[in-house]
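First the structure, in the form of structure tokens, and then the observations on it.
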Amino acid sequence: MTLASLNLWVIAPEILLSVVACLVLLIDLFLPADRRPGVGYPLALFALLGAAMASLMGLDNGSMTALNELVISDGVGAVLKAGTGIGTAGVLIYSREYARVRGLWRAEYLVLILFAVVGMMTMIGANHLLTLYVGLELLALCLYSMIGMQRDSVRAAEAAMKYFVLGALASGILLYGMSLLYGLTGSLSLAELASSSGSFAPTNLPLLTAVVLIVAGLLFKLGVVPFHMWVPDVYDGSATSTTLFLSSVPKLAAFAIMLRLLAYGLGDWVSAWQDMLAIAAVLSISVGNIVAIAQTSIKRMLGYSTISHMGFLLLGFLGGTAHGYSASLSYVVIYTVITLGAFGIILLLSKPQFESDALSDLKGLNHRRPGLAFLMLIVMFSLAGVPPTAGFFAKLLVLQAALENGFLWTVIVAVVMAVVGAFYYLRVVKLMYFDLPDQDDQVLSAPELDHVSTAARWVLTVNVLSLVLVVPWIGNLVDWLTRTLGTFGRL
Amino acid sequence: MNWFDQHLLSLLIWFPVLGGIFVLATGDDRNAATARRMALGFSVAIFALSLPLWTRFDTQTAAMQFVEKTPWIERFSVYYSLGIDGIAMPLVLLTTFLTVIVIISGWQVISQRVAQYFAAFLIMEGLMIGVFCALDAVLFYLFWEAMLIPMFLIIGIWGGPNRVYAAIKFFLYTLLGSLLMLVALIYLYMVAQGSFDILEFHQLPLGATAQALIFFAFFAAFAVKVPMVPVHTWLPDAHVEAPTGGSVILAAITLKMGAYGFLRLCIPITPDAAHRFAPLVIGLSLVAVVYIALVALVQRDMKKLIAYSSISHMGFVTLGFFVFETMAMEGAVVQMISHGFVSGALFLCVGVLYDRLHSREIATYGGVAKVMPVFAFFLVFFAMANAGLPGTSGFVGEFLVILGTFSVNGWYAAAAALTLVFGAAYTLWMVKRVVFGPLTNSAVEGMNDVDSREFLILALVAIAVMALGLWPAPLLEVMHASVDNLLAHASVSKL
């Protein structure tokens, strides 16, 4: 085996990111403390955007495997990897000031983020159960430690612990399912799994058990009811910069492994997992939207909102059709952009001594910061799926896909719950636009950031406005995403 | 077809939206004067721009005119497809006309966040015109829903004390109905084998069960918007809390969107179900006409009274649609336009009083005619129009609906005709208590009569009401072909 036959450039983005991550760690040792982040940050940005570019260059090359078929590069992988890179770059830009004043902005933080991205890209490019699992664990371990880095916060420690214990359990479940699959097919390769799964009867109990375990593990990673308990606690307990990261880009990777495992590996077994997903989707949409109403913290509220959105994402998977997968792909991409905007705004609203993460902190925002209030308005209507925002089209696509596959009642429940959901998004708008800030409030009295990054403001504005401005070209976007999916799913 | 005709509707939709963004860009209240002037300039320009719709309209055909069609989302064959017929065209003109009125009416009253207020109305104008022009289901839904956002903000930001409750109730009621409609539209898309074209939906063969389900999904959306009993409860709340301009647009145009939905989607797509459930709709309409009129009679708040009167009058509209008779349906469309002017004007009148004494209670006033004779003239005139006095536009619509209904079922007509009594009762009684009688409240004595700005808007609407009442022929002529075509289409079973 020669080096050339390994097809190393397929994993060029991962290599670039790993090298830069090590560089950042190394440089950190030789620099005086005050100059460290100044070097690490541009390096990390460069690596992320470079990795995104590198993935996009492989977009039109068709499907190609590397490292003895351990990894694969295809259209959808390229798009998701690029999305991960660009999204994480956004995360870094938004969270810089916030993390700096809280003492989180250290080389380790950047390195953990970079390795998490390597993990996500590995998941996205996985063509083998082992690669997939390694990527998943790399991401999860980085996230656990990022949450735990805020050592003086009890809530962060609790969140890290909770996430770690439950995440380890879910990984175990997933691994158990994979081992059963290995026992049945004698291979860990997704391609072989896909070609051999047709030879089992639909009532084959071990295979069904494996499917159930795998679906359970995946649903945990997505944060779907009934495996959702960690989501609000982790969202709320982590520093907002960490919440921003873990709520946005990892969803792209989670979507990718759903696609690789369910749509590709177990694609012939749609009938075995579609009902499970339908129930989980309905529960998720209902529980997420109803419980979100009772929240007083924006981060918890958005946590429950995420639960409901992941339910909507699953609607696209129900039929196992190409239309459905492309709907889910569009959904997850648009959702990631919305979430980046939502937490980005909260980050820009925070002050050195003040988190701005309670709903009441948004009171009268239109008076104080009309620009940010307007951006938040767009984000909220996007989350609620009200036109003319991209969020509406995301919902339209998945609902259409689910209806096409005959899940009429699922869709009707989802639609009714979307109205329930609209209530708490509207409440945010109400707080910002209809209420006035309390005069004795901390919101007003807390000292401002001495330096607010203009880059963050501009990126955030573009990020949020794109949700509306993309609408005339939404057809092109959806078509483009659909084309990258290539041959996934039945037509 | 020249370039102008082909893109006129697009201009009418996007010019106001763009104008709204420009007005928004003037920033905070230090530039309020600029914002006001810009908004007025835009709205007048848009009204002028909409006049060619009337002059260049071909009244001989029921086909869509001024059509524009470009692919938008090709994967779902969604088109950016616009066009108007004789039913939509008057509604577009009503929208552009009333937006000018509303902007003038908010000239002095709105002193906080002025730019945002005027921008919201301009953006909403564009979106409402979009609803009336859209010929693609997704585009229709897009405008239909997007329009909620500015209205929600208008009620919530510039409304009365209970505005938050009213705004959220308004939004959620309409959203629930709309989303059910969305499910129906997606279903139709699949039956049509990949098309969202509303005109293609009209031709789709559908079974009885499917039609019934689709009918009720549409009904949920449109009945909430009209509003019909029993889902009308959001309207009094929203009207009472909204600022004057918001009430005017809400009563004059938003409600018409629901009625328009029946004509554009519900009846032509599910004609058999519409016939089958017509007794239900007629029953609900008659309840609105009679019972809600009685409810209006006992209101103490003028805005609530007009809100209930709106529901009652809109009952006439839905009654006129569902008896499936040419005269009744034309009467219903005339009633839509007429009610737009009359209810809008009544809300403007209440606004005039409210600006002076900050009270909407009927009991606060009394003897207004003594201190505000010109205003009293207008209020009495619009009250008469609301009661359906011959010579005003209110008479034409109601008379045609009753006449048409009579030829189908005498009892329906008899019940509907009761409104002429009740309508006169609640309107005139309110006028009597507000305008006439002795001056009981000393604050009323200090009120000034309408200024030139208020005189201008009330006079403009009064002229429209008179013109429509004395000579409705042009309006009837415009819609005649379209209504005939719709009824002919609806009489053919799809089963």
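Each chain of the structure tokens is named A, B, ... in the order shown, its residues numbered from 1; ligands are numbered from 1 in display order.
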Within 7 Å of chain B: residues of chain A, using only C-alpha atoms, as a VMD selection string: chain A and resid 386 to 388 400 415 to 416 419 433 to 434 474 to 476 479
Mind checking which residues fall within 9 Å of Gly172 of chain A, counting only C-alpha atoms, ignoring those fewer than 5 positions away in the same chain, and posting them as a JSON list (two decimals) with all heavy atoms, in the first residue's frame?
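Just written: part07.json:
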```
[["chain", "number", "residue", "atom", "x", "y", "z"],
["A", 167, "GLY", "N", -23.99, 11.29, 28.08],
["A", 167, "GLY", "CA", -23.38, 11.12, 26.77],
["A", 167, "GLY", "C", -22.64, 9.79, 26.69],
["A", 167, "GLY", "O", -22.72, 9.09, 25.68],
["A", 177, "GLY", "N", -25.29, -1.28, 19.77],
["A", 177, "GLY", "CA", -26.01, -1.50, 18.52],
["A", 177, "GLY", "C", -25.06, -1.81, 17.38],
["A", 177, "GLY", "O", -25.27, -2.73, 16.58],
["A", 217, "GLY", "N", -29.32, 5.78, 20.39],
["A", 217, "GLY", "CA", -28.08, 6.52, 20.53],
["A", 217, "GLY", "C", -28.08, 7.79, 19.71],
["A", 217, "GLY", "O", -27.69, 8.87, 20.18]]
```
Compile the contact shell of segment 147-160 of chain A as a list in words: residues with an atom at most 9 Å away, counting only C-alpha atoms, same-chain residues fewer than 6 positions apart removed.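 Counting only C-alpha atoms, the residues come to Arg102, Gly103, Leu104, Tyr109, Trp230, Asp233, Val234, Tyr235, Asp236, Gly237, Ser238, Ala239, Thr242 and Thr243 of chain A.
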Could you save those same residues with all heavy atoms as a short mmCIF file (atom, residue, chain, number, x, y, z; two decimals), in the first residue's frame?
```
data_model
loop_
_atom_site.label_atom_id
_atom_site.label_comp_id
_atom_site.auth_asym_id
_atom_site.auth_seq_id
_atom_site.Cartn_x
_atom_site.Cartn_y
_atom_site.Cartn_z
N ARG A 102 -14.31 36.81 30.42
CA ARG A 102 -14.60 35.80 31.42
C ARG A 102 -13.44 34.84 31.64
O ARG A 102 -13.58 33.81 32.29
CB ARG A 102 -15.86 35.03 31.04
CG ARG A 102 -17.10 35.82 31.35
CD ARG A 102 -18.32 35.27 30.69
NE ARG A 102 -19.46 36.13 30.97
CZ ARG A 102 -19.68 37.30 30.40
NH1 ARG A 102 -18.82 37.76 29.52
NH2 ARG A 102 -20.73 38.03 30.72
N GLY A 103 -12.30 35.15 31.04
CA GLY A 103 -11.12 34.32 31.24
C GLY A 103 -11.18 32.97 30.57
O GLY A 103 -10.45 32.04 30.92
N LEU A 104 -12.08 32.81 29.61
CA LEU A 104 -12.17 31.52 28.91
C LEU A 104 -11.34 31.52 27.64
O LEU A 104 -11.13 30.49 27.02
CB LEU A 104 -13.62 31.24 28.53
CG LEU A 104 -14.58 30.87 29.63
CD1 LEU A 104 -16.00 30.85 29.11
CD2 LEU A 104 -14.22 29.51 30.20
N TYR A 109 -9.05 26.61 24.84
CA TYR A 109 -10.41 26.77 24.34
C TYR A 109 -10.43 26.63 22.83
O TYR A 109 -11.22 25.89 22.25
CB TYR A 109 -10.93 28.14 24.78
CG TYR A 109 -12.42 28.32 24.69
CD1 TYR A 109 -13.25 27.69 25.60
CD2 TYR A 109 -12.99 29.11 23.70
CE1 TYR A 109 -14.62 27.84 25.53
CE2 TYR A 109 -14.35 29.28 23.62
CZ TYR A 109 -15.16 28.65 24.54
OH TYR A 109 -16.52 28.81 24.47
N TRP A 230 -30.87 16.15 28.83
CA TRP A 230 -29.62 16.88 29.02
C TRP A 230 -29.64 18.25 28.35
O TRP A 230 -28.95 19.16 28.77
CB TRP A 230 -28.45 16.07 28.46
CG TRP A 230 -28.54 15.77 26.99
CD1 TRP A 230 -29.20 14.72 26.42
CD2 TRP A 230 -27.99 16.52 25.92
NE1 TRP A 230 -29.08 14.77 25.06
CE2 TRP A 230 -28.33 15.86 24.72
CE3 TRP A 230 -27.22 17.68 25.84
CZ2 TRP A 230 -27.96 16.34 23.46
CZ3 TRP A 230 -26.84 18.15 24.60
CH2 TRP A 230 -27.20 17.48 23.42
N ASP A 233 -30.43 21.61 30.46
CA ASP A 233 -29.44 21.83 31.52
C ASP A 233 -28.09 22.22 30.94
O ASP A 233 -27.43 23.13 31.44
CB ASP A 233 -29.29 20.55 32.35
CG ASP A 233 -30.51 20.33 33.21
OD1 ASP A 233 -31.12 21.34 33.62
OD2 ASP A 233 -30.86 19.17 33.44
N VAL A 234 -27.70 21.53 29.88
CA VAL A 234 -26.40 21.83 29.30
C VAL A 234 -26.42 23.21 28.64
O VAL A 234 -25.49 24.00 28.80
CB VAL A 234 -26.02 20.74 28.29
CG1 VAL A 234 -24.79 21.15 27.50
CG2 VAL A 234 -25.77 19.43 29.00
N TYR A 235 -27.49 23.53 27.94
CA TYR A 235 -27.58 24.84 27.29
C TYR A 235 -27.50 25.94 28.33
O TYR A 235 -26.88 26.97 28.12
CB TYR A 235 -28.90 24.97 26.52
CG TYR A 235 -28.87 24.43 25.12
CD1 TYR A 235 -28.23 23.25 24.84
CD2 TYR A 235 -29.50 25.09 24.08
CE1 TYR A 235 -28.20 22.73 23.56
CE2 TYR A 235 -29.49 24.59 22.80
CZ TYR A 235 -28.83 23.41 22.54
OH TYR A 235 -28.82 22.91 21.27
N ASP A 236 -28.21 25.72 29.43
CA ASP A 236 -28.32 26.76 30.43
C ASP A 236 -27.05 26.87 31.27
O ASP A 236 -26.61 27.96 31.61
CB ASP A 236 -29.52 26.47 31.33
CG ASP A 236 -29.86 27.64 32.19
OD1 ASP A 236 -29.65 28.78 31.73
OD2 ASP A 236 -30.34 27.43 33.31
N GLY A 237 -26.46 25.70 31.60
CA GLY A 237 -25.32 25.71 32.50
C GLY A 237 -24.03 26.18 31.86
O GLY A 237 -23.17 26.76 32.53
N SER A 238 -23.88 25.97 30.57
CA SER A 238 -22.61 26.33 29.93
C SER A 238 -22.51 27.84 29.77
O SER A 238 -23.51 28.54 29.74
CB SER A 238 -22.53 25.70 28.54
OG SER A 238 -22.95 24.38 28.58
N ALA A 239 -21.26 28.29 29.64
CA ALA A 239 -21.06 29.69 29.27
C ALA A 239 -21.72 29.90 27.91
O ALA A 239 -21.73 28.98 27.08
CB ALA A 239 -19.58 29.98 29.18
N THR A 242 -20.01 28.75 24.84
CA THR A 242 -20.00 27.30 24.64
C THR A 242 -21.36 26.83 24.15
O THR A 242 -21.44 25.96 23.28
CB THR A 242 -19.64 26.59 25.95
OG1 THR A 242 -18.49 27.23 26.50
CG2 THR A 242 -19.35 25.14 25.72
N THR A 243 -22.43 27.41 24.71
CA THR A 243 -23.77 27.04 24.25
C THR A 243 -23.92 27.35 22.77
O THR A 243 -24.47 26.55 22.02
CB THR A 243 -24.83 27.83 25.03
OG1 THR A 243 -24.50 27.79 26.40
CG2 THR A 243 -26.20 27.23 24.81
#
```
Sel. of helix (DSSP H, G or I) residues, segment 242-400 of chain A, as a ChimeraX atom specification: /A:242-247,250-265,267-293,298-315,322-349,359-362,365-368,370-384,390-400
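Residues in contact with Leu8 of chain B at up to 10 Å, not including ones fewer than 4 positions away on its chain and judged by only C-alpha atoms, are Trp3, Phe4, Leu12, Ile13, Leu49, Ser50, Pro52, Leu53, Phe66, Val67, Glu68, Leu82 and Gly83 of chain B.
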Go ahead and dump the residues you just picked, N, CA and C atoms, as a PDB file, in the first residue's frame.
```pdb
ATOM      1  N   TRP B   3     -43.886  46.407 -20.845  1.00  0.00           N
ATOM      2  CA  TRP B   3     -43.137  46.114 -19.632  1.00  0.00           C
ATOM      3  C   TRP B   3     -43.903  46.588 -18.396  1.00  0.00           C
ATOM      4  N   PHE B   4     -44.495  47.766 -18.519  1.00  0.00           N
ATOM      5  CA  PHE B   4     -45.174  48.352 -17.369  1.00  0.00           C
ATOM      6  C   PHE B   4     -46.330  47.471 -16.896  1.00  0.00           C
ATOM      7  N   LEU B  12     -46.283  47.328  -7.370  1.00  0.00           N
ATOM      8  CA  LEU B  12     -47.210  47.690  -6.303  1.00  0.00           C
ATOM      9  C   LEU B  12     -46.918  46.926  -5.018  1.00  0.00           C
ATOM     10  N   ILE B  13     -46.322  45.749  -5.140  1.00  0.00           N
ATOM     11  CA  ILE B  13     -46.002  44.986  -3.935  1.00  0.00           C
ATOM     12  C   ILE B  13     -44.688  45.465  -3.336  1.00  0.00           C
ATOM     13  N   LEU B  49     -49.725  55.022  -8.659  1.00  0.00           N
ATOM     14  CA  LEU B  49     -49.239  53.898  -9.453  1.00  0.00           C
ATOM     15  C   LEU B  49     -50.319  52.835  -9.629  1.00  0.00           C
ATOM     16  N   SER B  50     -51.225  52.746  -8.653  1.00  0.00           N
ATOM     17  CA  SER B  50     -52.237  51.690  -8.734  1.00  0.00           C
ATOM     18  C   SER B  50     -53.410  52.087  -9.625  1.00  0.00           C
ATOM     19  N   PRO B  52     -53.547  52.960 -12.811  1.00  0.00           N
ATOM     20  CA  PRO B  52     -53.620  52.287 -14.111  1.00  0.00           C
ATOM     21  C   PRO B  52     -54.296  50.916 -14.048  1.00  0.00           C
ATOM     22  N   LEU B  53     -54.307  50.293 -12.877  1.00  0.00           N
ATOM     23  CA  LEU B  53     -55.017  49.026 -12.765  1.00  0.00           C
ATOM     24  C   LEU B  53     -56.465  49.211 -13.194  1.00  0.00           C
ATOM     25  N   PHE B  66     -52.745  41.516 -16.010  1.00  0.00           N
ATOM     26  CA  PHE B  66     -51.467  42.021 -15.479  1.00  0.00           C
ATOM     27  C   PHE B  66     -50.612  40.863 -14.947  1.00  0.00           C
ATOM     28  N   VAL B  67     -50.680  39.717 -15.616  1.00  0.00           N
ATOM     29  CA  VAL B  67     -50.007  38.547 -15.065  1.00  0.00           C
ATOM     30  C   VAL B  67     -48.491  38.655 -15.189  1.00  0.00           C
ATOM     31  N   GLU B  68     -47.848  38.043 -14.251  1.00  0.00           N
ATOM     32  CA  GLU B  68     -46.394  37.975 -14.231  1.00  0.00           C
ATOM     33  C   GLU B  68     -46.039  36.606 -13.664  1.00  0.00           C
ATOM     34  N   LEU B  82     -48.153  36.318 -10.389  1.00  0.00           N
ATOM     35  CA  LEU B  82     -49.095  37.337  -9.950  1.00  0.00           C
ATOM     36  C   LEU B  82     -50.133  37.581 -11.033  1.00  0.00           C
ATOM     37  N   GLY B  83     -51.283  38.079 -10.628  1.00  0.00           N
ATOM     38  CA  GLY B  83     -52.319  38.422 -11.588  1.00  0.00           C
ATOM     39  C   GLY B  83     -53.565  38.832 -10.810  1.00  0.00           C
TER      40      GLY B  83
END
```
Contacts of Thr131 of chain A within 12 Å, only C-alpha atoms, excl. fewer than 2 positions in-chain, as a ChimeraX atom specification: /A:66-72,118-129,133-138,178,188-190,257,260-261
Preceding selection exported with N, CA and C atoms as a short mmCIF file (atom, residue, chain, number, x, y, z; two decimals), in the first residue's frame:
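What follows is the written file again04.cif:
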```cif
data_model
loop_
_atom_site.label_atom_id
_atom_site.label_comp_id
_atom_site.auth_asym_id
_atom_site.auth_seq_id
_atom_site.Cartn_x
_atom_site.Cartn_y
_atom_site.Cartn_z
N ALA A 66 -11.40 6.94 0.95
CA ALA A 66 -9.98 7.05 1.24
C ALA A 66 -9.66 6.23 2.47
N LEU A 67 -8.36 6.09 2.76
CA LEU A 67 -7.89 5.34 3.92
C LEU A 67 -8.56 3.96 3.98
N ASN A 68 -8.46 3.23 2.91
CA ASN A 68 -9.07 1.90 2.85
C ASN A 68 -10.56 1.93 3.17
N GLU A 69 -11.24 2.86 2.56
CA GLU A 69 -12.71 2.97 2.67
C GLU A 69 -13.16 3.31 4.09
N LEU A 70 -12.27 3.83 4.90
CA LEU A 70 -12.71 4.25 6.23
C LEU A 70 -13.48 5.56 6.14
N VAL A 71 -13.07 6.41 5.24
CA VAL A 71 -13.77 7.69 5.10
C VAL A 71 -14.22 7.88 3.67
N ILE A 72 -15.15 8.74 3.50
CA ILE A 72 -15.72 8.99 2.19
C ILE A 72 -15.84 10.50 1.99
N VAL A 118 -12.62 18.79 14.10
CA VAL A 118 -12.05 17.59 13.48
C VAL A 118 -12.99 16.40 13.72
N GLY A 119 -13.48 16.31 14.95
CA GLY A 119 -14.40 15.21 15.28
C GLY A 119 -15.64 15.26 14.40
N MET A 120 -16.20 16.46 14.25
CA MET A 120 -17.42 16.58 13.45
C MET A 120 -17.15 16.21 12.00
N MET A 121 -15.99 16.68 11.49
CA MET A 121 -15.69 16.38 10.09
C MET A 121 -15.47 14.89 9.90
N THR A 122 -14.90 14.26 10.92
CA THR A 122 -14.72 12.81 10.83
C THR A 122 -16.08 12.11 10.79
N MET A 123 -16.99 12.59 11.63
CA MET A 123 -18.34 12.02 11.60
C MET A 123 -18.97 12.20 10.22
N ILE A 124 -18.81 13.41 9.69
CA ILE A 124 -19.46 13.72 8.41
C ILE A 124 -18.90 12.84 7.31
N GLY A 125 -17.57 12.58 7.37
CA GLY A 125 -16.97 11.80 6.29
C GLY A 125 -16.89 10.31 6.59
N ALA A 126 -17.57 9.85 7.63
CA ALA A 126 -17.41 8.46 8.04
C ALA A 126 -18.05 7.51 7.03
N ASN A 127 -17.29 6.47 6.72
CA ASN A 127 -17.82 5.43 5.85
C ASN A 127 -17.72 4.09 6.55
N HIS A 128 -17.52 4.12 7.85
CA HIS A 128 -17.18 2.93 8.60
C HIS A 128 -17.67 3.19 10.02
N LEU A 129 -18.23 2.19 10.66
CA LEU A 129 -18.79 2.43 11.99
C LEU A 129 -17.74 2.92 12.96
N TYR A 133 -17.72 6.38 15.06
CA TYR A 133 -17.71 6.41 16.52
C TYR A 133 -16.56 7.26 17.05
N VAL A 134 -15.40 7.12 16.40
CA VAL A 134 -14.24 7.91 16.85
C VAL A 134 -14.54 9.40 16.71
N GLY A 135 -15.13 9.77 15.59
CA GLY A 135 -15.48 11.19 15.39
C GLY A 135 -16.45 11.66 16.44
N LEU A 136 -17.44 10.84 16.70
CA LEU A 136 -18.47 11.20 17.69
C LEU A 136 -17.86 11.43 19.06
N GLU A 137 -16.97 10.53 19.45
CA GLU A 137 -16.37 10.64 20.78
C GLU A 137 -15.41 11.82 20.85
N LEU A 138 -14.69 12.07 19.77
CA LEU A 138 -13.78 13.22 19.77
C LEU A 138 -14.57 14.50 19.99
N MET A 178 -23.95 -1.07 17.33
CA MET A 178 -22.98 -1.31 16.28
C MET A 178 -22.37 -2.70 16.39
N LEU A 188 -17.73 -3.89 9.66
CA LEU A 188 -18.06 -2.59 10.24
C LEU A 188 -18.21 -1.53 9.16
N SER A 189 -18.02 -1.93 7.92
CA SER A 189 -18.08 -0.95 6.84
C SER A 189 -19.53 -0.62 6.52
N LEU A 190 -19.79 0.66 6.38
CA LEU A 190 -21.17 1.08 6.09
C LEU A 190 -21.61 0.58 4.72
N ILE A 257 -24.43 11.88 10.58
CA ILE A 257 -24.37 10.46 10.97
C ILE A 257 -25.75 9.81 10.87
N ARG A 260 -25.70 8.88 7.27
CA ARG A 260 -24.79 7.76 6.96
C ARG A 260 -25.33 6.46 7.52
N LEU A 261 -25.79 6.49 8.77
CA LEU A 261 -26.20 5.26 9.43
C LEU A 261 -27.58 4.81 8.97
#
```
Residues near Val102 of chain B, anyone? I mean within 10 Å using only C-alpha atoms, not counting same-chain ones fewer than 5 positions away, as a PyMOL selection string. chain B and resi 40+43+97+107+118+121+244-249+344+348+457
Of the candidates B:Gly315, B:Gly41, B:Pro205, B:Gly469, which shows the shortest atom-to-atom distance to Phe341 of chain B, using only C-alpha atoms? B:Gly469
Using only C-alpha atoms, which residue out of A:Asp357, A:Leu329, A:Asn7, A:Leu48 lies closest to Ala253 of chain A? A:Leu329
Return the single residue from A:Leu180, A:Met276, A:Ala455, A:Val420 that is closest to Ala294 of chain A, with distances computed using only C-alpha atoms.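 The closest residue to Ala294 of chain A is A:Val420.
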If you run DSSP on this backbone, which residues of segment 1-203 of chain B come out as strand (DSSP E), and could you give them as a ChimeraX atom specification? /B:65-73,78-84
Keeping only C-alpha atoms, take the residues you just selected and write them out as a compact mmCIF listing (two decimals), in the first residue's frame.
```
# COMPACT_ATOMS: atom_id res chain seq x y z
CA GLN B 65 -54.79 40.30 -16.00
CA PHE B 66 -51.47 42.02 -15.48
CA VAL B 67 -50.01 38.55 -15.06
CA GLU B 68 -46.39 37.98 -14.23
CA LYS B 69 -44.83 34.55 -13.87
CA THR B 70 -41.24 33.57 -13.21
CA PRO B 71 -39.90 30.34 -11.70
CA TRP B 72 -38.94 30.72 -8.08
CA ILE B 73 -38.40 27.37 -6.37
CA VAL B 78 -43.24 27.22 -7.10
CA TYR B 79 -43.65 30.26 -9.29
CA TYR B 80 -43.52 33.92 -8.56
CA SER B 81 -46.89 34.26 -10.18
CA LEU B 82 -49.10 37.34 -9.95
CA GLY B 83 -52.32 38.42 -11.59
CA ILE B 84 -55.63 40.03 -10.73
```
Within 9 Å of Gly87 of chain A, counting only C-alpha atoms, which residues qualify if same-chain residues fewer than 6 places away don't, as a PyMOL selection string? chain A and resi 48+245+248-249+336-337+340
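The closest residue to Asn289 of chain A, picked from A:Val413, A:Leu246, A:Leu372, A:Ile173 and counting only C-alpha atoms, is A:Val413.
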